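The structure appears below as structure tokens.
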Amino acid sequence: MKVYDPDTIELKEYFKVILLNQANKVLGVHHLSTGGVDGTYCDVRNVLQVALLTNAVGLILSHNHPSGNTTPSVGDRKLTTAIKQACDVMNLRLLDHLIVTPESYYSFTDEGLI
């Protein structure tokens, strides 16, 4: 939650990539995109690009839902699957995809979807 602006988390959707080294230590957090109230764009190639350029081994995806509803959309599920497949090809570990709100979160890993 520290990487989200508390003044705008309920106004705009943001997509971030948390980059991890071999020991799962955070190398950095990359702000990938800013959208509107009901979505933001994430390109699988951009996720892989930032991972490769930072020598990351593991990734955690994160985006917020301004609505306050943490339930993943069909698009969220498809994107996660596409990024997981791309990570597998590039020998990167996708550890989780988190959907966050100020009050709660949804973890694809906790739900057995990764």
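Ordering of the structure tokens sets the chain letters (A, B, ...); residue numbers start at 1 within each chain; ligands are numbered from 1 in the order shown.
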
Range 35-55 of chain A residues near range 78-87 of chain A within 8 Å, closest pair each, using only C-alpha atoms, as JSON lines:
{"residue": "A:Val44", "atom": "CA", "partner": "A:Ile83", "partner_atom": "CA", "distance": 5.7}
{"residue": "A:Val47", "atom": "CA", "partner": "A:Ile83", "partner_atom": "CA", "distance": 7.9}
{"residue": "A:Leu48", "atom": "CA", "partner": "A:Cys87", "partner_atom": "CA", "distance": 7.3}

I need the residues from that last selection saved to file as an mmCIF file, in the first residue's frame (with N, CA, C and O atoms), if you can.
data_model
loop_
_atom_site.group_PDB
_atom_site.id
_atom_site.type_symbol
_atom_site.label_atom_id
_atom_site.label_comp_id
_atom_site.auth_asym_id
_atom_site.auth_seq_id
_atom_site.Cartn_x
_atom_site.Cartn_y
_atom_site.Cartn_z
ATOM 1 N N VAL A 44 1.780 -6.921 -21.767
ATOM 2 C CA VAL A 44 2.639 -8.010 -21.301
ATOM 3 C C VAL A 44 4.100 -7.728 -21.650
ATOM 4 O O VAL A 44 5.003 -7.969 -20.850
ATOM 5 N N VAL A 47 5.766 -5.427 -19.174
ATOM 6 C CA VAL A 47 6.071 -6.104 -17.911
ATOM 7 C C VAL A 47 7.379 -6.873 -18.038
ATOM 8 O O VAL A 47 8.272 -6.766 -17.190
ATOM 9 N N LEU A 48 7.512 -7.639 -19.116
ATOM 10 C CA LEU A 48 8.741 -8.410 -19.321
ATOM 11 C C LEU A 48 9.943 -7.498 -19.545
ATOM 12 O O LEU A 48 11.043 -7.779 -19.061
#

Per DSSP on the backbone, filter range 5-78 of chain A down to the residues in alpha helix (DSSP H) and report them as a ChimeraX atom specification. /A:44-53,74-78

Strand (DSSP E) residues, from DSSP on the backbone, in range 7-93 of chain A, as a VMD selection string: chain A and resid 14 to 20 26 to 34 58 to 64 93

Quote the spacing between CA of Leu19 in chain A and CA of Cys42 in chain A in Å to one decimal place. 15.7 Å
